Amino acid sequence: MLRDAGAREVHVRISAPPFLHPCYFGTDIPSEDQLIAHGRTVEEIGHMIGADSLSYLRRERLSEMAEGKPICTACFTGAYPMEPPDEDIRGSYEQ
């Protein structure tokens, strides 16, 4: 849409590291196969979304932003602070 509006270049910056794994601790992140970054390089993702360049926040910068406070990075690293569930725990939405 940006190119259709006349943009000659599109540069995308994401203010988090790439989400590679599901989150079980408060963020509704789907399974790995539904995450664009899982199994793909940044360059591949950039090409998929039609960007001239794509950059994510480096994981190392998260602790700097949290001012040294402990943070969970499991959705970025796959290193969960406890054993993740074996089944989908999100449940279903009913009206």
# chains A, B, ... in the order shown; residues from 1 in each chain; ligands from 1
$ residues_around --residues "stretch 72-88 of chain A" --least-positions-apart "3" --cutoff "9 Å" --atoms "only C-alpha atoms" --output "PDB file with N, CA and C atoms, in the first residue's frame"
ATOM      1  N   PRO A  17      12.414  -8.212  19.377  1.00  0.00           N
ATOM      2  CA  PRO A  17      13.070  -9.271  18.602  1.00  0.00           C
ATOM      3  C   PRO A  17      12.024 -10.100  17.863  1.00  0.00           C
ATOM      4  N   PRO A  18      12.438 -10.888  16.891  1.00  0.00           N
ATOM      5  CA  PRO A  18      11.472 -11.741  16.189  1.00  0.00           C
ATOM      6  C   PRO A  18      10.837 -12.768  17.138  1.00  0.00           C
ATOM      7  N   PHE A  19       9.526 -12.901  17.084  1.00  0.00           N
ATOM      8  CA  PHE A  19       8.822 -13.918  17.865  1.00  0.00           C
ATOM      9  C   PHE A  19       9.016 -15.254  17.157  1.00  0.00           C
ATOM     10  N   LEU A  20       9.673 -16.197  17.826  1.00  0.00           N
ATOM     11  CA  LEU A  20       9.994 -17.490  17.237  1.00  0.00           C
ATOM     12  C   LEU A  20       9.237 -18.646  17.872  1.00  0.00           C
ATOM     13  N   HIS A  21       8.690 -18.425  19.082  1.00  0.00           N
ATOM     14  CA  HIS A  21       8.066 -19.497  19.851  1.00  0.00           C
ATOM     15  C   HIS A  21       6.773 -18.993  20.491  1.00  0.00           C
ATOM     16  N   PRO A  22       5.837 -19.899  20.788  1.00  0.00           N
ATOM     17  CA  PRO A  22       4.597 -19.492  21.453  1.00  0.00           C
ATOM     18  C   PRO A  22       4.884 -18.916  22.841  1.00  0.00           C
ATOM     19  N   CYS A  23       3.989 -18.060  23.312  1.00  0.00           N
ATOM     20  CA  CYS A  23       4.082 -17.505  24.656  1.00  0.00           C
ATOM     21  C   CYS A  23       2.953 -18.075  25.491  1.00  0.00           C
ATOM     22  N   TYR A  24       3.294 -18.573  26.664  1.00  0.00           N
ATOM     23  CA  TYR A  24       2.306 -19.147  27.572  1.00  0.00           C
ATOM     24  C   TYR A  24       2.113 -18.280  28.810  1.00  0.00           C
ATOM     25  N   PHE A  25       2.705 -17.091  28.820  1.00  0.00           N
ATOM     26  CA  PHE A  25       2.750 -16.284  30.037  1.00  0.00           C
ATOM     27  C   PHE A  25       2.147 -14.897  29.857  1.00  0.00           C
ATOM     28  N   ILE A  29       0.361 -15.639  21.692  1.00  0.00           N
ATOM     29  CA  ILE A  29       1.195 -15.956  20.531  1.00  0.00           C
ATOM     30  C   ILE A  29       0.792 -17.336  20.044  1.00  0.00           C
ATOM     31  N   SER A  31       0.919 -20.899  17.581  1.00  0.00           N
ATOM     32  CA  SER A  31       1.944 -21.930  17.426  1.00  0.00           C
ATOM     33  C   SER A  31       3.058 -21.453  16.500  1.00  0.00           C
ATOM     34  N   ARG A  59      17.898  -8.943  20.781  1.00  0.00           N
ATOM     35  CA  ARG A  59      17.510  -9.527  22.060  1.00  0.00           C
ATOM     36  C   ARG A  59      18.326  -8.955  23.213  1.00  0.00           C
ATOM     37  N   LEU A  62      16.928  -5.947  25.186  1.00  0.00           N
ATOM     38  CA  LEU A  62      15.748  -6.051  26.048  1.00  0.00           C
ATOM     39  C   LEU A  62      16.087  -5.768  27.506  1.00  0.00           C
ATOM     40  N   GLY A  91      -7.864 -22.266  24.942  1.00  0.00           N
ATOM     41  CA  GLY A  91      -9.315 -22.448  25.001  1.00  0.00           C
ATOM     42  C   GLY A  91      -9.981 -21.933  23.732  1.00  0.00           C
TER      43      GLY A  91
END
$ select_by_dssp --residues "stretch 4-81 of chain A" --states "alpha helix (DSSP H)" --output "list of chain:residue names"
A:Val42, A:Glu43, A:Glu44, A:Ile45, A:Gly46, A:His47, A:Met48, A:Ile49, A:Glu60, A:Arg61, A:Leu62, A:Ser63, A:Glu64, A:Met65, A:Ala74, A:Cys75, A:Phe76, A:Thr77
$ write_last_selection --atoms "N, CA and C atoms" --output "PDB file, in the first residue's frame"
ATOM      1  N   VAL A  42      15.746 -12.871   8.533  1.00  0.00           N
ATOM      2  CA  VAL A  42      15.215 -11.509   8.448  1.00  0.00           C
ATOM      3  C   VAL A  42      15.091 -11.101   6.981  1.00  0.00           C
ATOM      4  N   GLU A  43      16.061 -11.485   6.174  1.00  0.00           N
ATOM      5  CA  GLU A  43      16.015 -11.151   4.750  1.00  0.00           C
ATOM      6  C   GLU A  43      14.816 -11.807   4.060  1.00  0.00           C
ATOM      7  N   GLU A  44      14.541 -13.062   4.394  1.00  0.00           N
ATOM      8  CA  GLU A  44      13.382 -13.758   3.811  1.00  0.00           C
ATOM      9  C   GLU A  44      12.076 -13.075   4.212  1.00  0.00           C
ATOM     10  N   ILE A  45      11.978 -12.673   5.469  1.00  0.00           N
ATOM     11  CA  ILE A  45      10.767 -11.991   5.938  1.00  0.00           C
ATOM     12  C   ILE A  45      10.611 -10.658   5.220  1.00  0.00           C
ATOM     13  N   GLY A  46      11.695  -9.910   5.113  1.00  0.00           N
ATOM     14  CA  GLY A  46      11.655  -8.630   4.401  1.00  0.00           C
ATOM     15  C   GLY A  46      11.150  -8.793   2.979  1.00  0.00           C
ATOM     16  N   HIS A  47      11.632  -9.825   2.317  1.00  0.00           N
ATOM     17  CA  HIS A  47      11.178 -10.093   0.943  1.00  0.00           C
ATOM     18  C   HIS A  47       9.684 -10.445   0.930  1.00  0.00           C
ATOM     19  N   MET A  48       9.244 -11.268   1.894  1.00  0.00           N
ATOM     20  CA  MET A  48       7.830 -11.675   1.961  1.00  0.00           C
ATOM     21  C   MET A  48       6.901 -10.481   2.133  1.00  0.00           C
ATOM     22  N   ILE A  49       7.323  -9.495   2.952  1.00  0.00           N
ATOM     23  CA  ILE A  49       6.446  -8.353   3.216  1.00  0.00           C
ATOM     24  C   ILE A  49       6.689  -7.198   2.245  1.00  0.00           C
ATOM     25  N   GLU A  60      19.588  -8.678  22.975  1.00  0.00           N
ATOM     26  CA  GLU A  60      20.468  -8.159  24.016  1.00  0.00           C
ATOM     27  C   GLU A  60      19.999  -6.802  24.539  1.00  0.00           C
ATOM     28  N   ARG A  61      19.263  -6.071  23.736  1.00  0.00           N
ATOM     29  CA  ARG A  61      18.796  -4.738  24.132  1.00  0.00           C
ATOM     30  C   ARG A  61      17.600  -4.793  25.080  1.00  0.00           C
ATOM     31  N   LEU A  62      16.928  -5.947  25.186  1.00  0.00           N
ATOM     32  CA  LEU A  62      15.748  -6.051  26.048  1.00  0.00           C
ATOM     33  C   LEU A  62      16.087  -5.768  27.506  1.00  0.00           C
ATOM     34  N   SER A  63      17.170  -6.341  28.010  1.00  0.00           N
ATOM     35  CA  SER A  63      17.517  -6.123  29.416  1.00  0.00           C
ATOM     36  C   SER A  63      17.894  -4.671  29.658  1.00  0.00           C
ATOM     37  N   GLU A  64      18.483  -4.041  28.670  1.00  0.00           N
ATOM     38  CA  GLU A  64      18.793  -2.609  28.776  1.00  0.00           C
ATOM     39  C   GLU A  64      17.507  -1.795  28.901  1.00  0.00           C
ATOM     40  N   MET A  65      16.519  -2.138  28.098  1.00  0.00           N
ATOM     41  CA  MET A  65      15.246  -1.423  28.156  1.00  0.00           C
ATOM     42  C   MET A  65      14.527  -1.670  29.478  1.00  0.00           C
ATOM     43  N   ALA A  74      11.230 -16.061  26.565  1.00  0.00           N
ATOM     44  CA  ALA A  74      10.951 -17.386  26.008  1.00  0.00           C
ATOM     45  C   ALA A  74      10.396 -17.343  24.588  1.00  0.00           C
ATOM     46  N   CYS A  75       9.542 -16.373  24.282  1.00  0.00           N
ATOM     47  CA  CYS A  75       8.962 -16.320  22.932  1.00  0.00           C
ATOM     48  C   CYS A  75      10.011 -15.939  21.890  1.00  0.00           C
ATOM     49  N   PHE A  76      11.134 -15.382  22.342  1.00  0.00           N
ATOM     50  CA  PHE A  76      12.218 -15.045  21.423  1.00  0.00           C
ATOM     51  C   PHE A  76      13.280 -16.143  21.359  1.00  0.00           C
ATOM     52  N   THR A  77      13.499 -16.845  22.486  1.00  0.00           N
ATOM     53  CA  THR A  77      14.606 -17.795  22.585  1.00  0.00           C
ATOM     54  C   THR A  77      14.178 -19.250  22.642  1.00  0.00           C
TER      55      THR A  77
END
$ residues_around --residues "stretch 5-13 of chain A" --least-positions-apart "5" --cutoff "9 Å" --atoms "only C-alpha atoms" --output "PyMOL selection string"
chain A and resi 46+50-57
$ atom_distance --atom1 "atom CA of A:Ile71" --atom2 "atom CA of A:Arg58"
14.5 Å
$ select_by_dssp --residues "stretch 6-65 of chain A" --states "strand (DSSP E or B)" --output "ChimeraX atom specification"
/A:11-14,53-56
